[in-house]
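A.B. asks: A single structure is presented below for examination.
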Amino acid sequence: MVGHSCRCTAEISLDRHSNQCLSDGQMKTTRAYTQSDRADSTVATRDRILAAATKLFLEKAFEDVTLAAIAKASGVSHQTVLNHFESKAGVVVGVTEVLAAETFDARAARPGDLEGAITALVGNYEQIGDANVRWAMAADRFPDLNAQLDVARAGHRTWLATVFADSIPTNPKRREQFLDALHAATDVYVWKLLRRDLGRNRADTEKTMAGLVAGILTGNST
C-alpha cells in the first residue's frame with residue numbers, strides 16, 4: 001500500500017490536516033479550541049469596533065459619525081459593524097456602556113470627600129465633557145441618543161447620592177430637591193460655562209464648583 005494508512009475504529013477519526021488518526025476525545029478538544037478561538041475573535045472584533053466608535057464620538061459631532069466611518073476606523077466592513085450592533089443606535093448603546101464604565105472608574109471618590117469628588121468629576125469632564133455637551137445638544141433630534149443621556153443623568157445622580165450620602169436629607173421631597181441642587185451645581189454645562197465660555201483654568205473651575213456644592217451642603221445643615 002502506497003502512502004500513510006491508518007485503520008480507524010468507531011472511536012477513531014482521521015484528521016485531514018495532519019493525516020493522523022485522532023480519538024473522539026481529541027476531536028472534541030480540537031472542536032472546543034476552534035469554537036473558543038472564534039469566540040475570542042468575535043469579542044476582539046466587537047471591542048475594536050467599540051474602541052474606534054468611542055474615539056470618533058468623542059472627537060466629532062454625533063451626526064457626523066456614520067457606520068461607514070466606524071467601519072473604516074476599526075478596520076472592518078460595514079456589514080461586520082451591522083452584524084455586531086445592527087444599527088448606529090446599537091453602536092451608541094455599546095459606546096455609552098464603555099463610557100459609563102470609564103466614568104465610574106474616573107469619578108471614584110471617598111464618600112464625604114468634597115474636594116476629591118469635584119477633582120475627579122472635573123477630571124472626567126476634561127476627557128468627555130465636550131462630547132457630552134455635543135450629545136446633549138443633538139439629543140432632541142435623535143431619540144435613541146436621548147434615551148442614553150437619560151441613563152447617564154441617572155448615573156450622575158446616583159454618584160451624587162453616594163458621595164454625599166451623609167448630607168442628603170431623609171425626607172423624600174427634600175431629598176429630591178437637594179439632589180436637584182447638587183445636580184445643577186455639578187452638571188457638565190457648568191463645566192462648559194467655566195472652562196469653555198469663560199475660559200477659566202481647571203483649578204479655578206474645580207474651586208468654583210466645589211464652592212457651589214459646599215453652599216448646598218451648608219444650607220442643608222442649617
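In the C-alpha cells, each chain is lettered A, B, ... as it comes, each chain's residues begin at 1, and ligands are numbered from 1 in order of appearance.
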Determine, using only C-alpha atoms, which residues of stretch 116-217 of chain A have any atom at most 8 Å from an atom of stretch 57-66 of chain A, and tabulate each with its shortest atom pair and distance in Å to one decimal place, rows ordered by chain and then rising number, as JSON lines.

C.D. replies:
```
{"residue": "A:Ile128", "atom": "CA", "partner": "A:Leu58", "partner_atom": "CA", "distance": 6.6}
{"residue": "A:Asp130", "atom": "CA", "partner": "A:Leu58", "partner_atom": "CA", "distance": 7.7}
{"residue": "A:Ala131", "atom": "CA", "partner": "A:Leu58", "partner_atom": "CA", "distance": 5.1}
{"residue": "A:Arg134", "atom": "CA", "partner": "A:Ala61", "partner_atom": "CA", "distance": 6.3}
{"residue": "A:Trp135", "atom": "CA", "partner": "A:Phe62", "partner_atom": "CA", "distance": 6.4}
{"residue": "A:Ala138", "atom": "CA", "partner": "A:Phe62", "partner_atom": "CA", "distance": 7.1}
```

A.B. asks: Find the spatial neighbours of A:Glu206, counting only C-alpha atoms, within a cut-off of 12 Å - ignore same-chain residues fewer than 4 positions away - and output them as a PyMOL selection string.

C.D. replies: chain A and resi 114-126+185-186+190-191+194-195+200-202+210-214

A.B. asks: Using only C-alpha atoms, which protein or nucleic acid residues come within 7 Å of A:Val163? Drop anything in the same chain fewer than 3 positions from it, and give the result as a PyMOL selection string.

C.D. replies: chain A and resi 110-112+159-160

A.B. asks: Looking at only C-alpha atoms, which of A:Ala71, A:Val188, A:Leu182, A:Ala152 is the one that sits closest to A:Thr103?

C.D. replies: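 Ranking A:Ala71, A:Val188, A:Leu182, A:Ala152 by distance to A:Thr103, first place goes to A:Ala152.
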
A.B. asks: Apply DSSP to the structure's backbone, then extract all residues of stretch 40-200 of chain A labelled helix (DSSP H, G or I) and return them as a ChimeraX atom specification.

C.D. replies: /A:40-59,62-64,67-74,78-85,88-106,114-141,143-163,165-167,172-186,188-197

A.B. asks: Identify which of the residues A:Thr170, A:Gln127, A:Asn132, A:Thr96 lies closest to A:Gln148, counting only C-alpha atoms when measuring atom-to-atom distances.

C.D. replies: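 For A:Gln148, the nearest of the candidates is A:Thr96.
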
A.B. asks: Atom CA of A:Gln79 to atom CA of A:Asp150: how many Å, to one decimal?

C.D. replies: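 Separation of atom CA of A:Gln79 and atom CA of A:Asp150: 29.4 Å.
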
A.B. asks: Atom CA of A:Ala109 and atom CA of A:Ala51, how far apart in Å?

C.D. replies: 26.0 Å

A.B. asks: Contacts of A:Asp180 at 12 Å or less, counting only C-alpha atoms, minus same-chain residues fewer than 5 places along, as a list in words?

C.D. replies: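 My list of contacting residues is Arg153, Ala154, His156, Arg157, Thr158, Leu160, Ala161, Ile168, Lys173, Arg174, Arg175, Ala185, Thr186, Asp187, Val213 and Ile216 of chain A.
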
A.B. asks: Taking N, CA, C and O atoms for each residue, export the selection above as a PDB file, in the first residue's frame.

C.D. replies:
```
ATOM      1  N   ARG A 153     -27.621  60.610  32.974  1.00  0.00           N
ATOM      2  CA  ARG A 153     -28.052  61.535  34.034  1.00  0.00           C
ATOM      3  C   ARG A 153     -28.417  60.778  35.304  1.00  0.00           C
ATOM      4  O   ARG A 153     -28.114  61.227  36.419  1.00  0.00           O
ATOM      5  N   ALA A 154     -29.074  59.653  35.134  1.00  0.00           N
ATOM      6  CA  ALA A 154     -29.413  58.827  36.295  1.00  0.00           C
ATOM      7  C   ALA A 154     -28.153  58.327  36.985  1.00  0.00           C
ATOM      8  O   ALA A 154     -28.078  58.270  38.218  1.00  0.00           O
ATOM      9  N   HIS A 156     -25.246  59.870  37.011  1.00  0.00           N
ATOM     10  CA  HIS A 156     -24.647  61.015  37.704  1.00  0.00           C
ATOM     11  C   HIS A 156     -25.369  61.276  39.029  1.00  0.00           C
ATOM     12  O   HIS A 156     -24.734  61.552  40.052  1.00  0.00           O
ATOM     13  N   ARG A 157     -26.669  61.148  39.011  1.00  0.00           N
ATOM     14  CA  ARG A 157     -27.459  61.369  40.227  1.00  0.00           C
ATOM     15  C   ARG A 157     -27.141  60.304  41.282  1.00  0.00           C
ATOM     16  O   ARG A 157     -27.061  60.608  42.476  1.00  0.00           O
ATOM     17  N   THR A 158     -26.950  59.072  40.824  1.00  0.00           N
ATOM     18  CA  THR A 158     -26.569  58.003  41.750  1.00  0.00           C
ATOM     19  C   THR A 158     -25.202  58.288  42.364  1.00  0.00           C
ATOM     20  O   THR A 158     -24.978  58.062  43.558  1.00  0.00           O
ATOM     21  N   LEU A 160     -23.870  61.250  42.874  1.00  0.00           N
ATOM     22  CA  LEU A 160     -24.063  62.323  43.855  1.00  0.00           C
ATOM     23  C   LEU A 160     -24.652  61.773  45.152  1.00  0.00           C
ATOM     24  O   LEU A 160     -24.209  62.137  46.251  1.00  0.00           O
ATOM     25  N   ALA A 161     -25.645  60.907  45.025  1.00  0.00           N
ATOM     26  CA  ALA A 161     -26.294  60.343  46.210  1.00  0.00           C
ATOM     27  C   ALA A 161     -25.333  59.489  47.019  1.00  0.00           C
ATOM     28  O   ALA A 161     -25.452  59.399  48.248  1.00  0.00           O
ATOM     29  N   ILE A 168     -27.412  64.127  52.692  1.00  0.00           N
ATOM     30  CA  ILE A 168     -28.698  64.168  51.996  1.00  0.00           C
ATOM     31  C   ILE A 168     -29.853  64.019  52.987  1.00  0.00           C
ATOM     32  O   ILE A 168     -29.842  63.110  53.817  1.00  0.00           O
ATOM     33  N   LYS A 173     -39.200  64.501  49.726  1.00  0.00           N
ATOM     34  CA  LYS A 173     -39.287  65.705  48.911  1.00  0.00           C
ATOM     35  C   LYS A 173     -38.019  66.537  49.017  1.00  0.00           C
ATOM     36  O   LYS A 173     -37.473  66.997  48.009  1.00  0.00           O
ATOM     37  N   ARG A 174     -37.526  66.720  50.244  1.00  0.00           N
ATOM     38  CA  ARG A 174     -36.296  67.500  50.424  1.00  0.00           C
ATOM     39  C   ARG A 174     -35.107  66.782  49.797  1.00  0.00           C
ATOM     40  O   ARG A 174     -34.194  67.427  49.277  1.00  0.00           O
ATOM     41  N   ARG A 175     -35.124  65.472  49.851  1.00  0.00           N
ATOM     42  CA  ARG A 175     -34.045  64.691  49.248  1.00  0.00           C
ATOM     43  C   ARG A 175     -33.953  64.973  47.744  1.00  0.00           C
ATOM     44  O   ARG A 175     -32.868  65.218  47.219  1.00  0.00           O
ATOM     45  N   ALA A 185     -25.418  72.051  40.241  1.00  0.00           N
ATOM     46  CA  ALA A 185     -24.099  72.614  40.544  1.00  0.00           C
ATOM     47  C   ALA A 185     -22.958  71.834  39.908  1.00  0.00           C
ATOM     48  O   ALA A 185     -21.864  72.381  39.720  1.00  0.00           O
ATOM     49  N   THR A 186     -23.214  70.583  39.568  1.00  0.00           N
ATOM     50  CA  THR A 186     -22.137  69.735  39.041  1.00  0.00           C
ATOM     51  C   THR A 186     -22.398  69.283  37.612  1.00  0.00           C
ATOM     52  O   THR A 186     -21.677  68.423  37.091  1.00  0.00           O
ATOM     53  N   ASP A 187     -23.380  69.843  36.961  1.00  0.00           N
ATOM     54  CA  ASP A 187     -23.718  69.432  35.602  1.00  0.00           C
ATOM     55  C   ASP A 187     -22.606  69.802  34.629  1.00  0.00           C
ATOM     56  O   ASP A 187     -21.847  70.753  34.844  1.00  0.00           O
ATOM     57  N   VAL A 213     -21.131  73.429  45.527  1.00  0.00           N
ATOM     58  CA  VAL A 213     -21.574  72.243  46.264  1.00  0.00           C
ATOM     59  C   VAL A 213     -21.510  72.487  47.773  1.00  0.00           C
ATOM     60  O   VAL A 213     -22.424  72.110  48.514  1.00  0.00           O
ATOM     61  N   ILE A 216     -24.485  74.324  49.019  1.00  0.00           N
ATOM     62  CA  ILE A 216     -25.667  73.467  49.108  1.00  0.00           C
ATOM     63  C   ILE A 216     -25.584  72.589  50.368  1.00  0.00           C
ATOM     64  O   ILE A 216     -26.562  72.464  51.106  1.00  0.00           O
TER      65      ILE A 216
END
```

A.B. asks: Closest to A:Leu145 among A:Lys72, A:Lys88, A:Arg107, A:Lys192, using only C-alpha atoms?

C.D. replies: A:Lys88
